Amino acid sequence: MKKYALLSVSDKEGIVDFAKGLASHGFSLISTGNTHKAIQEAGLEVLEISQVTGFPECLGGRVKTLHPKVHGGLLARRDNPDDMAFLEEHGISQIDLVCINLYPFKETILKNADLATAIENIDIGGPSMIRSASKNNASVAVVVDKNDYSLVLDQLANGGITKEFRFELAAKAFSHTAAYDALIAQYLGQKAGLPKFGEKFTLTFEKQQDLRYGENPHQDAVYYREILTDAADLVNAKQIHGKELSFNNINDTNGAVELLKDIAGLGIGVVAVKHATPCGVGTGESTFEAWDKAYKADPLSIFGGIIATNGEVDKATAEGINNIFVEIVVAPSYSPAALEILQSKKNIRLLTLDCEAEATSLSKKFDFKKVSGGLLVQDIDHNAQEEIKCVTKRAPSEKEMKDLMFAMQLAKHVKSNAIAIAKDGQSLGLAGGQTNRIWATKQALEHAVDFSGADSLKGAVLASDAFFPFADCVEEAHKAGITAIIQPGGSQNDNLSIEACDKYGIAMVFTGVRHFKH
């Protein structure tokens with residue numbers, strides 16, 4: 001019997017050469033629409049699909065391959081006499097290879113196409129043929145990736161496509177259609193206003209890059225990207241210098257970028273992160289001023305850390321960064337002089353990313369935590385908060401309130417129990433990951449004294465990511481010279497903290513919103 005290959009692709013790169021290769025190995029070609037046109041114009045003999053089905057393409061191309069002469073040829077079991085007799089009785093030719101890539105649904109929605117256009121780019125016949133061919137992989141090869149064209153031709157040149165390779169191609173094909181359908185479901189679900197946490201939860205990701213290893217050298221790792229992203233997401237950063245990013249690099253840099261987004265409204269900011277935890281944060285009227293504050297906040301921990309800024313890196317800032325060992329710098333741009341300085345170190349990774357790019361609202365933002373046998377999914381911790389409420393006799397000054405809001409943004413990005421101390425748009429002490437809040441408070445105060453001196457705490461403010469269960473943190477804050485505190489409130493012992501603040505003349509406000517980060 002003749003060997004038939006059915007080719008129907010949206011992305012036509014390499015398809016003509018693949019068709020030529022198949023023809024040279026004895027395949028008769030069948031194709032559809034523009035794929036048929038491209039193959040025919042290359043001088044190859046190729047049947048149009050309607051010549052096989054005996055039925056014209058219809059409904060504006062919506063129905064082309066949904067026909068028994070296509071799916072019968074794909075699904076017939078070659079070792080089943082009844083199946084083969086049915087093919088012969090009804091004049092159905094067996095199809096031994098299909099090559100399909102699907103309508104460009106992803107590319108369509110990324111162009112912000114209207115709903116009607118997006119729906120017309122939902123492929124029906126393609127996934128159906130892929131699934132039929134994949135199910136019958138014992139006899140049929142299914143090719144969905146143009147990178148596999150050469151592998152298929154190599155196998156044909158060496159005796160034929162093996163059973164093992166057909167099985168591998170089928171597994172890959174089912175993954176391909178699963179991702180395609182997941183993206184459609186995600187998009188239509190958003191348009192339909194379906195509950196964000198339905199009975200089934202399916203997202204699809206594409207490989208960004210393989211990584212040398214994970215958090216530790218014995219762990220394999222890879223970097224995937226969501227299909228629907230915003231321009232300010234880390235996955236869209238461009239690396240312009242330095243060695244390859246590692247798993248830890250990417251994780252740490254994400255922490256720096258997300259904190260930077262939260263303080264962007266305060267002017268130019270610089271965030272230093274070490275082991276996914278902020279160690280120094282500064283804001284100012286220039287990148288250098290912000291850098292100087294971030295560095296001086298903790299000149300010890302910044303060694304080997306990540307630097308992210310929403311301002312252009314200028315010569316002065318680059319000179320400061322170049323004086324220490326830094327793994328990564330992320331910025332929207334670099335001056336020529338800054339690039340010359342920073343690129344003198346061959347290993348430092350320099351990335352460009354506009355952290356303040358406007359969100360496209362295409363993507364829902366979720367936070368994932370893998371647990372044994374399951375997945376925890378939640379919204380990201382956005383900045384929504386209830387009305388700020390002053391609960392003490394003294395209200396914060398305008399300056400104190402500005403520092404309080406800055407400090408709470410810092411606490412939001414520090415592991416719980418989180419305490420952040422700040423003054424004049426600069427972090428002074430950041431502490432978290434402790435098993436009780438008083439230890440975190442003492443540690444944050446000690447850091448501030450170690451790096452900025454005890455006098456720096458006079459008039460500083462303190463933020464806590466969750467309520468104070470006792471008055472002990474207020475007592476420690478008073479001893480150090482803290483003059484204002486921001487916290488969510490909500491403890492049954494709130495009155496103890498309020499009374500202590502009133503006793504010492506400390507202003508305290510409640511936000512009504514907790515910011516645990518576990």
# chains A, B, ... in the order shown; residues from 1 in each chain; ligands from 1

call {"tool": "residues_around", "arguments": {"residues": "A:Leu87", "least_positions_apart": "6", "cutoff": "12 Å", "atoms": "only C-alpha atoms", "output": "number ranges by chain"}}
result
A: 1, 68-78, 80-81, 93-95

call {"tool": "write_last_selection", "arguments": {"atoms": "all heavy atoms", "output": "short mmCIF file (atom, residue, chain, number, x, y, z; two decimals), in the first residue's frame"}}
result
data_model
loop_
_atom_site.label_atom_id
_atom_site.label_comp_id
_atom_site.auth_asym_id
_atom_site.auth_seq_id
_atom_site.Cartn_x
_atom_site.Cartn_y
_atom_site.Cartn_z
N MET A 1 0.84 -1.19 0.00
CA MET A 1 0.00 0.00 0.00
C MET A 1 0.87 1.24 0.00
O MET A 1 1.99 1.25 0.52
CB MET A 1 -0.92 0.02 1.23
CG MET A 1 -1.93 -1.12 1.28
SD MET A 1 -3.00 -1.05 2.72
CE MET A 1 -3.94 0.40 2.35
N PRO A 68 -14.17 10.77 8.08
CA PRO A 68 -13.74 9.37 8.30
C PRO A 68 -12.57 8.94 7.43
O PRO A 68 -11.77 8.09 7.85
CB PRO A 68 -15.01 8.57 7.95
CG PRO A 68 -16.13 9.52 8.18
CD PRO A 68 -15.60 10.87 7.78
N LYS A 69 -12.43 9.53 6.25
CA LYS A 69 -11.32 9.11 5.39
C LYS A 69 -9.98 9.64 5.92
O LYS A 69 -8.93 9.13 5.53
CB LYS A 69 -11.56 9.57 3.95
CG LYS A 69 -12.62 8.74 3.24
CD LYS A 69 -12.54 8.86 1.75
CE LYS A 69 -13.47 7.87 1.06
NZ LYS A 69 -13.37 7.93 -0.42
N VAL A 70 -10.04 10.64 6.77
CA VAL A 70 -8.82 11.12 7.43
C VAL A 70 -8.60 10.33 8.71
O VAL A 70 -7.56 9.68 8.91
CB VAL A 70 -8.90 12.62 7.73
CG1 VAL A 70 -7.69 13.07 8.57
CG2 VAL A 70 -8.96 13.42 6.43
N HIS A 71 -9.59 10.33 9.58
CA HIS A 71 -9.40 9.70 10.89
C HIS A 71 -9.42 8.18 10.81
O HIS A 71 -8.77 7.50 11.62
CB HIS A 71 -10.44 10.25 11.87
CG HIS A 71 -10.18 11.67 12.25
ND1 HIS A 71 -9.33 12.03 13.26
CD2 HIS A 71 -10.61 12.83 11.68
CE1 HIS A 71 -9.27 13.35 13.34
NE2 HIS A 71 -10.03 13.86 12.37
N GLY A 72 -10.13 7.64 9.83
CA GLY A 72 -10.04 6.19 9.61
C GLY A 72 -8.63 5.80 9.20
O GLY A 72 -8.08 4.79 9.66
N GLY A 73 -8.03 6.61 8.31
CA GLY A 73 -6.66 6.33 7.86
C GLY A 73 -5.64 6.47 8.96
O GLY A 73 -4.58 5.83 8.93
N LEU A 74 -5.96 7.31 9.94
CA LEU A 74 -5.04 7.49 11.06
C LEU A 74 -5.23 6.44 12.15
O LEU A 74 -4.26 5.95 12.74
CB LEU A 74 -5.24 8.88 11.67
CG LEU A 74 -4.80 10.08 10.84
CD1 LEU A 74 -5.25 11.38 11.49
CD2 LEU A 74 -3.28 10.09 10.66
N LEU A 75 -6.47 6.09 12.45
CA LEU A 75 -6.75 5.27 13.62
C LEU A 75 -6.81 3.77 13.35
O LEU A 75 -6.80 2.97 14.29
CB LEU A 75 -8.08 5.71 14.24
CG LEU A 75 -8.02 7.01 15.06
CD1 LEU A 75 -9.42 7.56 15.30
CD2 LEU A 75 -7.31 6.78 16.38
N ALA A 76 -6.87 3.36 12.10
CA ALA A 76 -6.95 1.93 11.80
C ALA A 76 -5.73 1.19 12.33
O ALA A 76 -4.59 1.60 12.08
CB ALA A 76 -7.08 1.73 10.29
N ARG A 77 -6.01 0.11 13.06
CA ARG A 77 -4.92 -0.72 13.60
C ARG A 77 -4.41 -1.64 12.50
O ARG A 77 -5.15 -2.47 11.97
CB ARG A 77 -5.42 -1.51 14.79
CG ARG A 77 -5.73 -0.65 16.00
CD ARG A 77 -6.71 -1.30 16.95
NE ARG A 77 -8.06 -1.33 16.37
CZ ARG A 77 -9.15 -1.68 17.07
NH1 ARG A 77 -9.05 -1.98 18.35
NH2 ARG A 77 -10.34 -1.70 16.48
N ARG A 78 -3.14 -1.48 12.17
CA ARG A 78 -2.59 -2.21 11.03
C ARG A 78 -2.55 -3.71 11.25
O ARG A 78 -2.53 -4.49 10.29
CB ARG A 78 -1.17 -1.73 10.73
CG ARG A 78 -0.91 -0.28 10.30
CD ARG A 78 -2.05 0.59 9.90
NE ARG A 78 -1.58 1.89 9.42
CZ ARG A 78 -2.22 3.02 9.60
NH1 ARG A 78 -3.38 3.04 10.25
NH2 ARG A 78 -1.75 4.16 9.12
N ASN A 80 -4.97 -5.34 12.82
CA ASN A 80 -6.35 -5.78 13.05
C ASN A 80 -7.02 -6.02 11.69
O ASN A 80 -7.29 -5.07 10.95
CB ASN A 80 -7.11 -4.70 13.83
CG ASN A 80 -8.51 -5.12 14.21
OD1 ASN A 80 -9.30 -5.52 13.36
ND2 ASN A 80 -8.84 -4.99 15.49
N PRO A 81 -7.30 -7.27 11.35
CA PRO A 81 -7.86 -7.57 10.02
C PRO A 81 -9.18 -6.85 9.76
O PRO A 81 -9.45 -6.42 8.63
CB PRO A 81 -8.06 -9.09 10.07
CG PRO A 81 -7.07 -9.56 11.09
CD PRO A 81 -7.01 -8.49 12.12
N SER A 93 -7.40 5.27 2.51
CA SER A 93 -5.95 5.02 2.52
C SER A 93 -5.39 5.23 3.92
O SER A 93 -5.77 6.19 4.62
CB SER A 93 -5.26 5.98 1.55
OG SER A 93 -5.72 5.79 0.22
N GLN A 94 -4.50 4.35 4.32
CA GLN A 94 -3.88 4.55 5.64
C GLN A 94 -2.89 5.71 5.56
O GLN A 94 -2.18 5.89 4.58
CB GLN A 94 -3.18 3.27 6.11
CG GLN A 94 -2.04 2.80 5.23
CD GLN A 94 -1.53 1.43 5.66
OE1 GLN A 94 -2.33 0.51 5.85
NE2 GLN A 94 -0.23 1.31 5.83
N ILE A 95 -2.90 6.51 6.61
CA ILE A 95 -1.99 7.66 6.72
C ILE A 95 -0.95 7.32 7.78
O ILE A 95 -1.29 7.03 8.93
CB ILE A 95 -2.76 8.94 7.10
CG1 ILE A 95 -3.83 9.24 6.03
CG2 ILE A 95 -1.81 10.12 7.25
CD1 ILE A 95 -4.77 10.37 6.41
#

call {"tool": "select_by_dssp", "arguments": {"residues": "stretch 5-127 of chain A", "states": "helix (DSSP H, G or I)", "output": "JSON, numbers by chain"}}
result
{"A": [15, 16, 17, 18, 19, 20, 21, 22, 23, 24, 33, 34, 35, 36, 37, 38, 39, 40, 41, 49, 50, 51, 52, 53, 59, 60, 61, 68, 69, 70, 71, 72, 73, 74, 75, 81, 82, 83, 84, 85, 86, 87, 88, 89, 105, 106, 107, 108, 109, 110, 115, 116, 117, 118, 119, 120, 125, 126, 127]}

call {"tool": "atom_distance", "arguments": {"atom1": "atom CA of A:Ile485", "atom2": "atom CA of A:Lys274"}}
result
25.7 Å

call {"tool": "closest_residue", "arguments": {"among": "A:Ala182, A:Leu7, A:Val330, A:Ala338", "to": "A:Asn101", "atoms": "only C-alpha atoms"}}
result
A:Leu7

call {"tool": "atom_distance", "arguments": {"atom1": "atom CA of A:Phe366", "atom2": "atom CA of A:Ile380"}}
result
5.3 Å

call {"tool": "closest_residue", "arguments": {"among": "A:Ala395, A:Leu496, A:Ile119, A:Leu169", "to": "A:Val140", "atoms": "only C-alpha atoms"}}
result
A:Leu169

call {"tool": "residues_around", "arguments": {"residues": "A:Met408", "least_positions_apart": "5", "cutoff": "8 Å", "atoms": "only C-alpha atoms", "output": "ChimeraX atom specification"}}
result
/A:420,463-465,486-487

call {"tool": "closest_residue", "arguments": {"among": "A:Ser344, A:Ser416, A:Thr352, A:Gln208", "to": "A:Ala232", "atoms": "only C-alpha atoms"}}
result
A:Thr352

call {"tool": "atom_distance", "arguments": {"atom1": "atom CA of A:Leu29", "atom2": "atom CA of A:Ser50"}}
result
13.0 Å

call {"tool": "residues_around", "arguments": {"residues": "A:Phe451", "least_positions_apart": "5", "cutoff": "8 Å", "atoms": "only C-alpha atoms", "output": "PyMOL selection string"}}
result
chain A and resi 296-299+428

call {"tool": "residues_around", "arguments": {"residues": "A:Ala179", "least_positions_apart": "6", "cutoff": "9 Å", "atoms": "only C-alpha atoms", "output": "list in words"}}
result
Thr202, Leu203, Thr204, Phe205 and Glu206 of chain A

call {"tool": "write_last_selection", "arguments": {"atoms": "all heavy atoms", "output": "short mmCIF file (atom, residue, chain, number, x, y, z; two decimals), in the first residue's frame"}}
result
data_model
loop_
_atom_site.label_atom_id
_atom_site.label_comp_id
_atom_site.auth_asym_id
_atom_site.auth_seq_id
_atom_site.Cartn_x
_atom_site.Cartn_y
_atom_site.Cartn_z
N THR A 202 -5.55 24.49 35.59
CA THR A 202 -4.55 24.11 34.59
C THR A 202 -3.94 25.36 33.98
O THR A 202 -4.65 26.20 33.44
CB THR A 202 -5.16 23.26 33.47
OG1 THR A 202 -5.84 22.14 34.04
CG2 THR A 202 -4.08 22.76 32.53
N LEU A 203 -2.64 25.49 34.07
CA LEU A 203 -1.92 26.56 33.40
C LEU A 203 -0.87 25.92 32.50
O LEU A 203 -0.49 24.76 32.68
CB LEU A 203 -1.23 27.49 34.41
CG LEU A 203 -2.14 28.32 35.31
CD1 LEU A 203 -1.30 29.15 36.28
CD2 LEU A 203 -3.03 29.24 34.49
N THR A 204 -0.39 26.68 31.54
CA THR A 204 0.65 26.16 30.67
C THR A 204 1.85 27.10 30.66
O THR A 204 1.70 28.31 30.76
CB THR A 204 0.12 25.95 29.24
OG1 THR A 204 1.12 25.34 28.44
CG2 THR A 204 -0.31 27.25 28.60
N PHE A 205 3.02 26.52 30.58
CA PHE A 205 4.28 27.27 30.58
C PHE A 205 5.14 26.78 29.42
O PHE A 205 5.02 25.64 28.99
CB PHE A 205 5.03 27.06 31.90
CG PHE A 205 4.30 27.55 33.13
CD1 PHE A 205 3.32 26.79 33.73
CD2 PHE A 205 4.61 28.78 33.68
CE1 PHE A 205 2.65 27.24 34.85
CE2 PHE A 205 3.94 29.24 34.80
CZ PHE A 205 2.97 28.47 35.39
N GLU A 206 6.01 27.66 28.96
CA GLU A 206 6.97 27.31 27.92
C GLU A 206 8.39 27.41 28.48
O GLU A 206 8.67 28.28 29.30
CB GLU A 206 6.83 28.26 26.72
CG GLU A 206 5.52 28.13 25.99
CD GLU A 206 5.42 29.09 24.82
OE1 GLU A 206 6.11 30.12 24.81
OE2 GLU A 206 4.63 28.80 23.90
#

call {"tool": "residues_around", "arguments": {"residues": "A:Ala418", "least_positions_apart": "6", "cutoff": "9 Å", "atoms": "only C-alpha atoms", "output": "MDAnalysis selection string"}}
result
chainID A and resid 410:412 430:434 437 440:441 463:466 515:517

call {"tool": "write_last_selection", "arguments": {"atoms": "N, CA and C atoms", "output": "PDB file, in the first residue's frame"}}
result
ATOM      1  N   LEU A 410       8.576  47.379  52.639  1.00  0.00           N
ATOM      2  CA  LEU A 410       9.748  46.550  52.894  1.00  0.00           C
ATOM      3  C   LEU A 410       9.365  45.297  53.677  1.00  0.00           C
ATOM      4  N   ALA A 411       8.569  45.479  54.735  1.00  0.00           N
ATOM      5  CA  ALA A 411       8.176  44.347  55.576  1.00  0.00           C
ATOM      6  C   ALA A 411       7.421  43.299  54.769  1.00  0.00           C
ATOM      7  N   LYS A 412       6.655  43.751  53.790  1.00  0.00           N
ATOM      8  CA  LYS A 412       5.867  42.847  52.939  1.00  0.00           C
ATOM      9  C   LYS A 412       6.751  41.866  52.185  1.00  0.00           C
ATOM     10  N   LEU A 430      16.407  45.303  58.645  1.00  0.00           N
ATOM     11  CA  LEU A 430      15.409  44.375  58.140  1.00  0.00           C
ATOM     12  C   LEU A 430      15.654  43.020  58.769  1.00  0.00           C
ATOM     13  N   ALA A 431      14.605  42.421  59.312  1.00  0.00           N
ATOM     14  CA  ALA A 431      14.774  41.116  59.950  1.00  0.00           C
ATOM     15  C   ALA A 431      13.506  40.294  59.767  1.00  0.00           C
ATOM     16  N   GLY A 432      13.684  39.020  59.550  1.00  0.00           N
ATOM     17  CA  GLY A 432      12.537  38.134  59.384  1.00  0.00           C
ATOM     18  C   GLY A 432      12.961  36.691  59.488  1.00  0.00           C
ATOM     19  N   GLY A 433      12.006  35.794  59.359  1.00  0.00           N
ATOM     20  CA  GLY A 433      12.288  34.369  59.445  1.00  0.00           C
ATOM     21  C   GLY A 433      12.497  33.890  60.864  1.00  0.00           C
ATOM     22  N   GLN A 434      12.214  34.755  61.837  1.00  0.00           N
ATOM     23  CA  GLN A 434      12.353  34.363  63.243  1.00  0.00           C
ATOM     24  C   GLN A 434      11.068  33.682  63.709  1.00  0.00           C
ATOM     25  N   ARG A 437       8.222  37.456  67.166  1.00  0.00           N
ATOM     26  CA  ARG A 437       8.337  38.819  66.652  1.00  0.00           C
ATOM     27  C   ARG A 437       9.336  39.649  67.443  1.00  0.00           C
ATOM     28  N   ALA A 440      12.782  39.183  66.019  1.00  0.00           N
ATOM     29  CA  ALA A 440      12.933  39.917  64.759  1.00  0.00           C
ATOM     30  C   ALA A 440      13.112  41.406  65.030  1.00  0.00           C
ATOM     31  N   THR A 441      12.368  41.942  65.986  1.00  0.00           N
ATOM     32  CA  THR A 441      12.482  43.374  66.327  1.00  0.00           C
ATOM     33  C   THR A 441      13.878  43.692  66.839  1.00  0.00           C
ATOM     34  N   ALA A 463       7.956  49.012  60.929  1.00  0.00           N
ATOM     35  CA  ALA A 463       6.801  48.327  60.340  1.00  0.00           C
ATOM     36  C   ALA A 463       6.841  46.855  60.712  1.00  0.00           C
ATOM     37  N   SER A 464       5.672  46.302  60.966  1.00  0.00           N
ATOM     38  CA  SER A 464       5.543  44.877  61.270  1.00  0.00           C
ATOM     39  C   SER A 464       4.535  44.269  60.303  1.00  0.00           C
ATOM     40  N   ASP A 465       4.854  43.094  59.763  1.00  0.00           N
ATOM     41  CA  ASP A 465       3.960  42.489  58.774  1.00  0.00           C
ATOM     42  C   ASP A 465       2.689  41.930  59.391  1.00  0.00           C
ATOM     43  N   ALA A 466       2.685  41.713  60.707  1.00  0.00           N
ATOM     44  CA  ALA A 466       1.497  41.210  61.407  1.00  0.00           C
ATOM     45  C   ALA A 466       1.398  41.902  62.768  1.00  0.00           C
ATOM     46  N   HIS A 515       0.643  40.924  56.071  1.00  0.00           N
ATOM     47  CA  HIS A 515       1.506  40.616  54.927  1.00  0.00           C
ATOM     48  C   HIS A 515       2.482  39.481  55.248  1.00  0.00           C
ATOM     49  N   PHE A 516       1.965  38.361  55.678  1.00  0.00           N
ATOM     50  CA  PHE A 516       2.831  37.207  55.907  1.00  0.00           C
ATOM     51  C   PHE A 516       3.491  36.786  54.594  1.00  0.00           C
ATOM     52  N   LYS A 517       4.735  36.374  54.691  1.00  0.00           N
ATOM     53  CA  LYS A 517       5.449  35.774  53.564  1.00  0.00           C
ATOM     54  C   LYS A 517       6.214  34.571  54.100  1.00  0.00           C
TER      55      LYS A 517
END
